[in-house]
$ cat data-v6.txt   # compact mmCIF, C-alpha atoms and all ligand atoms
# COMPACT_ATOMS: atom_id res chain seq x y z
CA MET A 15 0.00 0.00 0.00
CA LYS A 16 1.35 3.40 -0.93
CA ILE A 17 1.48 5.90 1.90
CA THR A 18 2.27 9.60 2.23
CA MET A 19 5.45 11.10 3.60
CA ASP A 20 3.54 12.14 6.73
CA ASP A 21 2.51 8.51 7.24
CA ALA A 22 6.10 7.34 6.75
CA ALA A 23 7.35 9.90 9.26
CA GLN A 24 4.67 8.80 11.73
CA MET A 25 5.77 5.16 11.42
CA LEU A 26 9.34 6.18 12.28
CA ARG A 27 8.07 8.29 15.19
CA ASP A 28 6.00 5.38 16.57
CA ALA A 29 8.85 2.86 16.60
CA GLN A 30 11.35 2.53 19.44
CA THR A 31 13.51 -0.22 17.92
CA VAL A 32 14.30 0.15 14.24
CA ILE A 33 16.29 -1.96 11.79
CA LEU A 34 17.28 -0.35 8.49
CA THR A 35 18.37 -2.28 5.44
CA SER A 36 19.04 -1.93 1.72
CA HIS A 37 20.08 -3.87 -1.34
CA ILE A 38 23.00 -6.18 -1.98
CA ARG A 39 25.87 -4.62 -3.97
CA PRO A 40 25.18 -1.46 -1.94
CA ASP A 41 25.90 1.93 -3.53
CA GLY A 42 26.13 5.41 -2.03
CA ASP A 43 22.37 5.85 -1.90
CA ALA A 44 21.77 2.46 -0.25
CA ILE A 45 24.42 3.06 2.40
CA GLY A 46 23.75 6.79 2.75
CA SER A 47 20.00 6.42 3.29
CA THR A 48 20.23 3.61 5.88
CA LEU A 49 23.21 5.01 7.76
CA GLY A 50 21.85 8.58 7.56
CA LEU A 51 18.46 7.56 8.99
CA MET A 52 20.32 5.56 11.67
CA HIS A 53 22.01 8.79 12.79
CA VAL A 54 18.75 10.75 12.67
CA LEU A 55 16.79 8.17 14.66
CA ARG A 56 19.55 7.54 17.22
CA ALA A 57 19.65 11.28 17.88
CA GLU A 58 15.92 10.94 18.63
CA GLY A 59 16.75 8.36 21.30
CA LYS A 60 15.79 5.26 19.34
CA ASP A 61 17.51 1.89 19.28
CA VAL A 62 18.71 1.49 15.67
CA ARG A 63 20.71 -1.08 13.69
CA VAL A 64 21.66 -1.27 10.02
CA LEU A 65 21.83 -4.65 8.28
CA ILE A 66 23.27 -5.00 4.77
CA ASP A 67 24.01 -8.44 3.38
CA ASP A 68 27.17 -7.61 1.47
CA GLU A 69 30.63 -6.12 1.72
CA ILE A 70 30.71 -2.34 2.09
CA PRO A 71 33.12 -0.90 -0.54
CA ARG A 72 35.97 0.91 1.19
CA ILE A 73 35.29 4.27 -0.53
CA PHE A 74 32.45 4.58 1.99
CA ASN A 75 34.86 4.62 4.93
CA VAL A 76 34.41 8.40 4.81
CA LEU A 77 30.85 7.97 6.16
CA PRO A 78 30.48 8.33 9.94
CA ASP A 79 30.04 4.97 11.73
CA VAL A 80 29.99 2.96 8.50
CA ASP A 81 31.71 0.19 10.51
CA GLN A 82 28.51 -0.22 12.52
CA ILE A 83 26.71 -1.66 9.50
CA GLU A 84 26.19 -5.35 10.25
CA ARG A 85 25.99 -8.24 7.87
CA PRO A 86 23.11 -10.55 8.90
CA VAL A 87 24.47 -13.70 10.54
CA LYS A 88 23.12 -16.90 9.01
CA GLY A 89 20.45 -18.49 11.18
CA GLN A 90 20.17 -15.51 13.53
CA ARG A 91 16.81 -13.76 14.03
CA TYR A 92 16.63 -10.00 14.47
CA THR A 93 13.63 -8.28 16.05
CA ALA A 94 12.39 -4.71 15.92
CA ASP A 95 9.25 -2.60 16.07
CA LEU A 96 9.96 -1.44 12.54
CA LEU A 97 12.00 -2.69 9.59
CA VAL A 98 12.80 0.03 7.05
CA VAL A 99 13.86 -1.13 3.59
CA CYS A 100 15.57 1.69 1.68
CA ASP A 101 16.33 2.20 -2.03
CA VAL A 102 15.04 -1.22 -3.16
CA GLU A 103 12.02 -3.50 -3.16
CA LEU A 104 11.85 -6.26 -0.52
CA GLY A 105 13.23 -9.09 -2.65
CA ARG A 106 16.73 -7.74 -3.26
CA THR A 107 18.21 -7.45 0.24
CA GLY A 108 19.88 -10.88 0.39
CA GLU A 109 19.29 -12.38 3.85
CA SER A 110 18.40 -9.05 5.50
CA VAL A 111 14.60 -8.90 5.11
CA PRO A 112 14.14 -12.68 5.62
CA SER A 113 16.09 -12.63 8.92
CA VAL A 114 14.11 -9.81 10.59
CA ASP A 115 10.94 -10.24 12.65
CA ALA A 116 9.43 -6.77 12.76
CA VAL A 117 5.98 -5.64 13.84
CA ARG A 118 5.75 -3.35 10.83
CA LEU A 119 7.66 -2.91 7.59
CA LEU A 120 8.21 0.37 5.78
CA ASN A 121 9.66 0.55 2.27
CA ILE A 122 11.16 3.85 1.09
CA ASP A 123 12.25 3.96 -2.54
CA HIS A 124 12.60 6.02 -5.70
CA HIS A 125 12.86 3.18 -8.25
CA VAL A 126 10.05 3.29 -10.79
CA THR A 127 10.39 -0.52 -11.06
CA ASN A 128 9.56 -1.13 -7.34
CA ASP A 129 7.19 -4.13 -7.23
CA GLU A 130 5.02 -2.43 -4.56
CA LYS A 131 4.79 -5.59 -2.44
CA ALA A 132 5.52 -3.82 0.86
CA ASP A 133 2.65 -3.31 3.31
CA TYR A 134 3.66 0.32 3.66
CA LEU A 135 5.47 1.91 0.72
CA TYR A 136 6.60 5.48 0.29
CA LEU A 137 7.62 5.62 -3.39
CA ASP A 138 8.64 8.76 -5.25
CA PRO A 139 10.11 8.02 -8.70
CA ASP A 140 10.73 11.76 -9.16
CA ALA A 141 13.12 11.88 -6.21
CA ALA A 142 16.73 11.84 -7.41
CA ALA A 143 17.77 9.55 -4.58
CA THR A 144 16.36 7.66 -1.62
CA CYS A 145 18.65 9.95 0.38
CA GLU A 146 16.65 12.92 -0.90
CA ILE A 147 13.48 11.26 0.42
CA ALA A 148 15.21 10.37 3.70
CA TYR A 149 16.24 14.00 4.07
CA ASP A 150 12.64 15.14 3.44
CA ILE A 151 11.30 12.62 5.95
CA THR A 152 13.79 13.91 8.51
CA ARG A 153 12.45 17.43 7.95
CA THR A 154 8.89 16.07 8.15
CA LEU A 155 9.82 14.67 11.58
CA GLY A 156 10.64 18.25 12.53
CA VAL A 157 14.30 17.38 12.92
CA THR A 158 17.47 19.00 11.53
CA PRO A 159 19.86 16.25 10.37
CA THR A 160 22.99 15.94 12.49
CA LEU A 161 26.27 16.49 10.63
CA ASP A 162 26.80 12.70 10.58
CA ALA A 163 23.38 12.19 8.97
CA ALA A 164 23.95 15.11 6.58
CA ILE A 165 27.23 13.58 5.32
CA CYS A 166 25.41 10.31 4.58
CA PHE A 167 22.43 11.93 2.84
CA TYR A 168 24.65 14.22 0.76
CA THR A 169 26.74 11.27 -0.41
CA GLY A 170 23.68 9.33 -1.60
CA ILE A 171 22.24 12.32 -3.43
CA ALA A 172 25.61 13.12 -5.03
CA MET A 173 26.16 9.52 -6.14
CA ASP A 174 22.69 8.99 -7.63
CA THR A 175 22.82 12.28 -9.56
CA GLY A 176 26.39 11.81 -10.83
CA PHE A 177 27.31 14.80 -8.65
CA PHE A 178 24.31 16.84 -9.81
CA ARG A 179 24.81 16.24 -13.54
CA PHE A 180 22.08 13.69 -14.39
CA SER A 181 18.54 14.55 -15.56
CA ASN A 182 17.10 13.51 -12.17
CA THR A 183 18.71 16.59 -10.57
CA THR A 184 15.86 18.98 -9.66
CA PRO A 185 15.74 22.36 -7.91
CA HIS A 186 14.61 20.45 -4.82
CA THR A 187 17.64 18.15 -5.08
CA MET A 188 19.95 21.16 -5.15
CA ARG A 189 18.12 22.83 -2.24
CA ALA A 190 18.40 19.67 -0.15
CA ALA A 191 22.11 19.44 -1.00
CA ALA A 192 22.60 23.14 -0.21
CA ASP A 193 20.94 22.62 3.16
CA LEU A 194 23.21 19.65 3.89
CA ILE A 195 26.27 21.74 2.99
CA GLU A 196 24.98 24.45 5.32
CA ILE A 197 24.88 21.85 8.11
CA GLY A 198 28.58 21.29 7.47
CA VAL A 199 29.11 18.72 4.72
CA LYS A 200 32.33 19.31 2.76
CA PRO A 201 31.55 18.47 -0.90
CA ASN A 202 35.21 18.11 -1.87
CA ILE A 203 35.86 15.55 0.87
CA ILE A 204 32.93 13.45 -0.35
CA SER A 205 33.84 13.69 -4.05
CA VAL A 206 37.51 12.88 -3.46
CA ALA A 207 36.52 9.83 -1.39
CA MET A 208 33.89 8.61 -3.88
CA GLU A 209 36.19 8.96 -6.90
CA MET A 210 39.19 7.34 -5.26
CA LYS A 211 40.56 4.28 -7.07
CA SER A 212 43.56 2.11 -6.42
CA TYR A 213 46.24 1.75 -9.11
CA ASP A 214 44.95 -1.76 -9.81
CA GLU A 215 41.39 -0.49 -10.25
CA VAL A 216 42.53 2.13 -12.78
CA MET A 217 44.45 -0.55 -14.69
CA ALA A 218 41.39 -2.83 -14.61
CA GLN A 219 39.40 0.00 -16.18
CA VAL A 220 42.03 0.41 -18.90
CA LYS A 221 41.84 -3.34 -19.63
CA ALA A 222 38.05 -3.18 -19.76
CA ILE A 223 38.03 -0.25 -22.19
CA ARG A 224 40.40 -2.14 -24.51
CA ASN A 225 37.45 -4.50 -25.12
CA LEU A 226 35.12 -1.68 -26.19
CA GLU A 227 32.78 -2.54 -29.05
CA MET A 228 30.33 -0.29 -30.93
CA PHE A 229 26.92 -1.38 -32.24
CA PHE A 230 23.87 0.03 -34.03
CA ASP A 231 25.77 2.67 -36.05
CA GLY A 232 27.60 3.92 -32.97
CA ARG A 233 24.47 4.40 -30.88
CA VAL A 234 25.53 1.66 -28.48
CA ALA A 235 28.92 1.20 -26.80
CA ALA A 236 29.54 -2.00 -24.89
CA VAL A 237 32.19 -3.95 -23.04
CA PHE A 238 31.77 -7.72 -22.80
CA ILE A 239 33.74 -9.38 -20.03
CA ASP A 240 33.72 -13.16 -20.31
CA GLU A 241 35.10 -15.54 -17.68
CA GLU A 242 38.67 -15.21 -18.92
CA ARG A 243 38.57 -11.40 -19.10
CA ALA A 244 36.91 -11.23 -15.66
CA ARG A 245 40.21 -12.47 -14.18
CA THR A 246 41.96 -9.22 -15.15
CA VAL A 247 38.98 -6.84 -15.19
CA THR A 248 38.47 -7.02 -11.43
CA THR A 249 36.27 -3.91 -11.18
CA THR A 250 33.76 -2.16 -13.44
CA GLU A 251 33.30 0.78 -11.08
CA GLY A 252 33.15 3.99 -13.11
CA LEU A 253 33.47 2.16 -16.43
CA LEU A 254 30.12 3.37 -17.79
CA ASP A 255 31.03 6.97 -17.02
CA LYS A 256 33.96 6.53 -19.39
CA LEU A 257 31.75 5.03 -22.14
CA ARG A 258 28.87 7.49 -21.95
CA VAL A 259 31.05 10.39 -23.11
CA ILE A 260 31.54 8.76 -26.53
CA GLU A 261 29.90 11.00 -29.12
CA GLY A 262 26.69 9.63 -30.62
CA THR A 263 26.03 6.96 -27.99
CA GLN A 264 22.46 6.49 -26.76
CA VAL A 265 23.02 3.40 -24.62
CA VAL A 266 26.24 2.19 -23.01
CA PHE A 267 26.57 -1.01 -21.05
CA PHE A 268 28.82 -3.79 -19.88
CA MET A 269 28.10 -7.48 -19.47
CA LYS A 270 30.35 -9.21 -16.95
CA TRP A 271 30.83 -12.86 -15.99
CA LEU A 272 29.62 -13.58 -12.44
CA GLU A 273 29.61 -17.37 -12.38
CA LYS A 274 28.97 -20.21 -14.82
CA ASP A 275 26.32 -19.12 -17.35
CA THR A 276 25.53 -16.02 -15.29
CA TYR A 277 26.28 -12.48 -16.45
CA ARG A 278 25.68 -9.12 -14.83
CA VAL A 279 24.51 -6.35 -17.18
CA SER A 280 24.65 -2.68 -16.21
CA MET A 281 23.28 -0.01 -18.58
CA ARG A 282 23.14 3.78 -18.87
CA SER A 283 21.26 5.78 -21.47
CA LYS A 284 20.66 9.33 -22.60
CA GLY A 285 16.89 8.79 -22.89
CA THR A 286 16.26 5.25 -24.13
CA ASN A 287 14.27 3.38 -21.46
CA VAL A 288 16.85 0.88 -20.20
CA SER A 289 14.72 -0.10 -17.18
CA ARG A 290 12.32 -1.72 -19.68
CA ILE A 291 15.23 -3.71 -21.14
CA ALA A 292 16.36 -4.75 -17.64
CA GLN A 293 12.83 -5.88 -16.75
CA LYS A 294 12.84 -8.31 -19.68
CA PHE A 295 15.57 -10.15 -17.75
CA ASP A 296 13.87 -9.71 -14.36
CA GLY A 297 16.09 -6.76 -13.45
CA GLY A 298 15.16 -3.17 -12.68
CA GLY A 299 16.26 0.40 -12.19
CA HIS A 300 15.51 3.76 -13.72
CA ILE A 301 14.79 4.96 -17.27
CA ARG A 302 18.41 6.06 -17.76
CA ALA A 303 20.23 3.60 -15.45
CA ALA A 304 19.30 -0.03 -14.96
CA GLY A 305 20.72 -3.50 -14.56
CA CYS A 306 19.89 -7.17 -14.72
CA THR A 307 21.39 -10.65 -14.52
CA ILE A 308 21.24 -12.97 -17.54
CA HIS A 309 21.38 -16.73 -17.06
CA ALA A 310 22.75 -18.20 -20.30
CA PRO A 311 26.04 -19.18 -21.94
CA PHE A 312 28.16 -16.19 -23.01
CA ALA A 313 27.26 -16.08 -26.73
CA GLU A 314 23.56 -16.48 -25.99
CA ALA A 315 23.58 -13.81 -23.28
CA ARG A 316 25.44 -11.44 -25.59
CA THR A 317 22.91 -11.88 -28.39
CA ALA A 318 19.96 -11.62 -26.00
CA ILE A 319 21.01 -8.29 -24.50
CA LEU A 320 21.99 -6.80 -27.88
CA ASP A 321 18.63 -7.86 -29.37
CA ALA A 322 16.72 -6.39 -26.44
CA ILE A 323 18.59 -3.09 -26.71
CA GLY A 324 18.07 -2.98 -30.50
CA GLU A 325 14.34 -3.48 -29.98
CA GLU A 326 14.14 -0.64 -27.47
CA LEU A 327 16.25 1.68 -29.68
CA ASN A 328 13.78 1.19 -32.51
CA ALA A 329 10.70 1.42 -30.27
MN MN B 1 19.01 5.17 -5.28
$ encode --input "data-v6.txt" --output "structure tokens"
Amino acid sequence: MKITMDDAAQMLRDAQTVILTSHIRPDGDAIGSTLGLMHVLRAEGKDVRVLIDDEIPRIFNVLPDVDQIERPVKGQRYTADLLVVCDVELGRTGESVPSVDAVRLLNIDHHVTNDEKADYLYLDPDAAATCEIAYDITRTLGVTPTLDAAICFYTGIAMDTGFFRFSNTTPHTMRAAADLIEIGVKPNIISVAMEMKSYDEVMAQVKAIRNLEMFFDGRVAAVFIDEERARTVTTTEGLLDKLRVIEGTQVVFFMKWLEKDTYRVSMRSKGTNVSRIAQKFDGGGHIRAAGCTIHAPFAEARTAILDAIGEELNA
């Protein structure tokens, strides 16, 4: 059931023990929204934990108390008045949602592809980031974010808008960010931390780009990373940002080996609806940024994703 922001704020107000969680392969918005709300709610005297069922990439070490994020322990039950699932629908949190017994469950998201299965869902596809919503909810609670919370919210907003460059950046996004900077966030510290790469990561990116291929008269740029290439291309972080600058491209993507007959696809576009392509393979995301997992041998997976993109380009 979809609820209003006032309702969502009231649910947070009513709970004394809160568990926050988000998706596997957590990004800045997933970590920023859960950790930021943790800081807000702890400052309100609540008992709060964050569960994320994955490794937290080390670029996020800049976020206050990131080390307090827990990975759910297999077989352990967690209890709370309220479970808050941020930046994702309920089915993509790994073991987090299944391991929590909560009286109520609140889902806060901005993905247009959210399956709306949560009992209580605050969904705003026009919000640039779940962190933007989390910031608004904090204000709705009548609370000024602490500096720790502000750092987290700013990071999520910055990451999901490509540092305020993507089409999802609205006047409200900028006002929220301005407010967070007023609280004390240092934008340069966040951007330096988020963009930091090790030497090996930069070299992995170089190796990935060497495999660049162009399709559909230059409208699509892609990097295919099969099992053998995956041994040297250890990270794809930031790869699509390098591809999307190529003149004439509408859609850029990579397809990377995960395990036998399983490939991860991540896409960006300049207007083509890539979330519709992702949904064909049971994935999701936004119109201009989406991803999915394809279960097929390499050649088949490659043809399938190229066909699906071609179809959408000509739609
Ligand atoms: Mn997000």
$ residues_near_ligand --input "data-v6.txt" --ligand "ligand MN 1 (chain B)" --cutoff "12 Å" --atoms "only C-alpha atoms and all ligand atoms" --output "PyMOL selection string"
chain A and resi 36-37+40-48+100-103+122-128+137-148+167+169-176+182+298-300+303-304
$ residues_around --input "data-v6.txt" --residues "stretch 93-97 of chain A" --least-positions-apart "6" --cutoff "12 Å" --atoms "all atoms listed in the file" --output "tab-separated table (two decimals) with C-alpha atoms, keeping the file's coordinate frame"
chain	number	residue	atom	x	y	z
A	22	ALA	CA	6.10	7.34	6.75
A	24	GLN	CA	4.67	8.80	11.73
A	25	MET	CA	5.77	5.16	11.42
A	26	LEU	CA	9.34	6.18	12.28
A	27	ARG	CA	8.07	8.29	15.19
A	28	ASP	CA	6.00	5.38	16.57
A	29	ALA	CA	8.85	2.86	16.60
A	30	GLN	CA	11.35	2.53	19.44
A	31	THR	CA	13.51	-0.22	17.92
A	32	VAL	CA	14.30	0.15	14.24
A	33	ILE	CA	16.29	-1.96	11.79
A	34	LEU	CA	17.28	-0.35	8.49
A	35	THR	CA	18.37	-2.28	5.44
A	36	SER	CA	19.04	-1.93	1.72
A	48	THR	CA	20.23	3.61	5.88
A	52	MET	CA	20.32	5.56	11.67
A	55	LEU	CA	16.79	8.17	14.66
A	60	LYS	CA	15.79	5.26	19.34
A	61	ASP	CA	17.51	1.89	19.28
A	62	VAL	CA	18.71	1.49	15.67
A	63	ARG	CA	20.71	-1.08	13.69
A	64	VAL	CA	21.66	-1.27	10.02
A	65	LEU	CA	21.83	-4.65	8.28
A	104	LEU	CA	11.85	-6.26	-0.52
A	110	SER	CA	18.40	-9.05	5.50
A	111	VAL	CA	14.60	-8.90	5.11
A	112	PRO	CA	14.14	-12.68	5.62
A	113	SER	CA	16.09	-12.63	8.92
A	114	VAL	CA	14.11	-9.81	10.59
A	115	ASP	CA	10.94	-10.24	12.65
A	116	ALA	CA	9.43	-6.77	12.76
A	117	VAL	CA	5.98	-5.64	13.84
A	118	ARG	CA	5.75	-3.35	10.83
A	119	LEU	CA	7.66	-2.91	7.59
A	120	LEU	CA	8.21	0.37	5.78
A	121	ASN	CA	9.66	0.55	2.27
A	122	ILE	CA	11.16	3.85	1.09
A	132	ALA	CA	5.52	-3.82	0.86
A	133	ASP	CA	2.65	-3.31	3.31
A	134	TYR	CA	3.66	0.32	3.66
A	135	LEU	CA	5.47	1.91	0.72
$ atom_distance --input "data-v6.txt" --atom1 "atom CA of A:Arg72" --atom2 "atom CA of A:Val259"
26.5 Å
$ residues_around --input "data-v6.txt" --residues "stretch 198-204 of chain A" --least-positions-apart "6" --cutoff "9 Å" --atoms "only C-alpha atoms" --output "PyMOL selection string"
chain A and resi 76-77+161-162+164-165+168-169+172
$ atom_distance --input "data-v6.txt" --atom1 "atom CA of A:Phe229" --atom2 "atom CA of A:Ser181"
24.5 Å
$ atom_distance --input "data-v6.txt" --atom1 "atom CA of A:Met210" --atom2 "atom CA of A:Ile301"
27.3 Å
$ closest_residue --input "data-v6.txt" --among "A:Leu194, A:Ala329, A:Leu320, A:Cys306" --to "A:Ala235" --atoms "all atoms listed in the file"
A:Leu320
$ residues_around --input "data-v6.txt" --residues "stretch 324-326 of chain A" --least-positions-apart "5" --cutoff "8 Å" --atoms "only C-alpha atoms" --output "tab-separated table (two decimals) with C-alpha atoms, keeping the file's coordinate frame"
chain	number	residue	atom	x	y	z
A	230	PHE	CA	23.87	0.03	-34.03
A	286	THR	CA	16.26	5.25	-24.13
A	287	ASN	CA	14.27	3.38	-21.46
A	288	VAL	CA	16.85	0.88	-20.20
A	291	ILE	CA	15.23	-3.71	-21.14
$ closest_residue --input "data-v6.txt" --among "A:Val279, A:Ile38, A:Leu226, A:Ile260" --to "A:Pro71" --atoms "all atoms listed in the file"
A:Ile38
$ closest_residue --input "data-v6.txt" --among "A:Asp240, A:Glu130, A:Glu251, A:Glu261" --to "A:Ser280" --atoms "all atoms listed in the file"
A:Glu251
$ closest_residue --input "data-v6.txt" --among "A:Asp214, A:Asp129, A:Glu58, A:Asp255" --to "A:Thr160" --atoms "all atoms listed in the file"
A:Glu58
$ closest_residue --input "data-v6.txt" --among "A:Asp231, A:Glu215, A:Asp275, A:Asp67" --to "A:Thr249" --atoms "all atoms listed in the file"
A:Glu215
$ closest_residue --input "data-v6.txt" --among "A:Leu257, A:Ala191, A:Val247, A:Val234" --to "A:Ile319" --atoms "only C-alpha atoms"
A:Val234
$ build_atoms --input "data-v6.txt" --residues "stretch 30-48 of chain A" --atoms "N, CA, C and O atoms" --output "PDB file, keeping the file's coordinate frame"
ATOM      1  N   GLN A  30      10.242   2.297  18.512  1.00  0.00           N
ATOM      2  CA  GLN A  30      11.350   2.530  19.440  1.00  0.00           C
ATOM      3  C   GLN A  30      12.594   1.757  18.974  1.00  0.00           C
ATOM      4  O   GLN A  30      13.702   2.257  19.037  1.00  0.00           O
ATOM      5  N   THR A  31      12.383   0.537  18.474  1.00  0.00           N
ATOM      6  CA  THR A  31      13.510  -0.220  17.920  1.00  0.00           C
ATOM      7  C   THR A  31      13.337  -0.321  16.412  1.00  0.00           C
ATOM      8  O   THR A  31      12.279  -0.716  15.927  1.00  0.00           O
ATOM      9  N   VAL A  32      14.381   0.064  15.698  1.00  0.00           N
ATOM     10  CA  VAL A  32      14.300   0.150  14.240  1.00  0.00           C
ATOM     11  C   VAL A  32      15.493  -0.584  13.618  1.00  0.00           C
ATOM     12  O   VAL A  32      16.630  -0.433  14.072  1.00  0.00           O
ATOM     13  N   ILE A  33      15.217  -1.388  12.593  1.00  0.00           N
ATOM     14  CA  ILE A  33      16.290  -1.960  11.790  1.00  0.00           C
ATOM     15  C   ILE A  33      16.148  -1.394  10.377  1.00  0.00           C
ATOM     16  O   ILE A  33      15.052  -1.358   9.814  1.00  0.00           O
ATOM     17  N   LEU A  34      17.273  -0.909   9.845  1.00  0.00           N
ATOM     18  CA  LEU A  34      17.280  -0.350   8.490  1.00  0.00           C
ATOM     19  C   LEU A  34      18.082  -1.285   7.593  1.00  0.00           C
ATOM     20  O   LEU A  34      19.115  -1.814   8.002  1.00  0.00           O
ATOM     21  N   THR A  35      17.593  -1.468   6.363  1.00  0.00           N
ATOM     22  CA  THR A  35      18.370  -2.280   5.440  1.00  0.00           C
ATOM     23  C   THR A  35      18.233  -1.760   4.017  1.00  0.00           C
ATOM     24  O   THR A  35      17.410  -0.892   3.730  1.00  0.00           O
ATOM     25  N   SER A  36      19.076  -2.319   3.127  1.00  0.00           N
ATOM     26  CA  SER A  36      19.040  -1.930   1.720  1.00  0.00           C
ATOM     27  C   SER A  36      19.540  -3.092   0.867  1.00  0.00           C
ATOM     28  O   SER A  36      19.693  -4.206   1.356  1.00  0.00           O
ATOM     29  N   HIS A  37      19.796  -2.805  -0.394  1.00  0.00           N
ATOM     30  CA  HIS A  37      20.080  -3.870  -1.340  1.00  0.00           C
ATOM     31  C   HIS A  37      21.508  -4.423  -1.256  1.00  0.00           C
ATOM     32  O   HIS A  37      22.404  -3.784  -0.715  1.00  0.00           O
ATOM     33  N   ILE A  38      21.674  -5.631  -1.819  1.00  0.00           N
ATOM     34  CA  ILE A  38      23.000  -6.180  -1.980  1.00  0.00           C
ATOM     35  C   ILE A  38      23.713  -5.353  -3.052  1.00  0.00           C
ATOM     36  O   ILE A  38      23.075  -4.588  -3.777  1.00  0.00           O
ATOM     37  N   ARG A  39      25.043  -5.514  -3.153  1.00  0.00           N
ATOM     38  CA  ARG A  39      25.870  -4.620  -3.970  1.00  0.00           C
ATOM     39  C   ARG A  39      25.516  -3.156  -3.639  1.00  0.00           C
ATOM     40  O   ARG A  39      25.106  -2.383  -4.506  1.00  0.00           O
ATOM     41  N   PRO A  40      25.656  -2.780  -2.374  1.00  0.00           N
ATOM     42  CA  PRO A  40      25.180  -1.460  -1.940  1.00  0.00           C
ATOM     43  C   PRO A  40      25.980  -0.327  -2.580  1.00  0.00           C
ATOM     44  O   PRO A  40      27.194  -0.418  -2.738  1.00  0.00           O
ATOM     45  N   ASP A  41      25.269   0.734  -2.961  1.00  0.00           N
ATOM     46  CA  ASP A  41      25.900   1.930  -3.530  1.00  0.00           C
ATOM     47  C   ASP A  41      25.773   3.073  -2.516  1.00  0.00           C
ATOM     48  O   ASP A  41      25.323   2.878  -1.382  1.00  0.00           O
ATOM     49  N   GLY A  42      26.147   4.264  -2.944  1.00  0.00           N
ATOM     50  CA  GLY A  42      26.130   5.410  -2.030  1.00  0.00           C
ATOM     51  C   GLY A  42      24.750   5.736  -1.501  1.00  0.00           C
ATOM     52  O   GLY A  42      24.589   6.154  -0.354  1.00  0.00           O
ATOM     53  N   ASP A  43      23.736   5.532  -2.332  1.00  0.00           N
ATOM     54  CA  ASP A  43      22.370   5.850  -1.900  1.00  0.00           C
ATOM     55  C   ASP A  43      21.853   4.811  -0.914  1.00  0.00           C
ATOM     56  O   ASP A  43      21.172   5.151   0.054  1.00  0.00           O
ATOM     57  N   ALA A  44      22.187   3.544  -1.152  1.00  0.00           N
ATOM     58  CA  ALA A  44      21.770   2.460  -0.250  1.00  0.00           C
ATOM     59  C   ALA A  44      22.397   2.658   1.134  1.00  0.00           C
ATOM     60  O   ALA A  44      21.712   2.602   2.166  1.00  0.00           O
ATOM     61  N   ILE A  45      23.701   2.902   1.139  1.00  0.00           N
ATOM     62  CA  ILE A  45      24.420   3.060   2.400  1.00  0.00           C
ATOM     63  C   ILE A  45      24.080   4.402   3.043  1.00  0.00           C
ATOM     64  O   ILE A  45      23.836   4.483   4.249  1.00  0.00           O
ATOM     65  N   GLY A  46      24.033   5.451   2.220  1.00  0.00           N
ATOM     66  CA  GLY A  46      23.750   6.790   2.750  1.00  0.00           C
ATOM     67  C   GLY A  46      22.377   6.897   3.392  1.00  0.00           C
ATOM     68  O   GLY A  46      22.224   7.499   4.461  1.00  0.00           O
ATOM     69  N   SER A  47      21.359   6.292   2.760  1.00  0.00           N
ATOM     70  CA  SER A  47      20.000   6.420   3.290  1.00  0.00           C
ATOM     71  C   SER A  47      19.826   5.634   4.591  1.00  0.00           C
ATOM     72  O   SER A  47      19.232   6.124   5.553  1.00  0.00           O
ATOM     73  N   THR A  48      20.381   4.420   4.656  1.00  0.00           N
ATOM     74  CA  THR A  48      20.230   3.610   5.880  1.00  0.00           C
ATOM     75  C   THR A  48      21.057   4.196   7.018  1.00  0.00           C
ATOM     76  O   THR A  48      20.553   4.410   8.120  1.00  0.00           O
TER      77      THR A  48
END
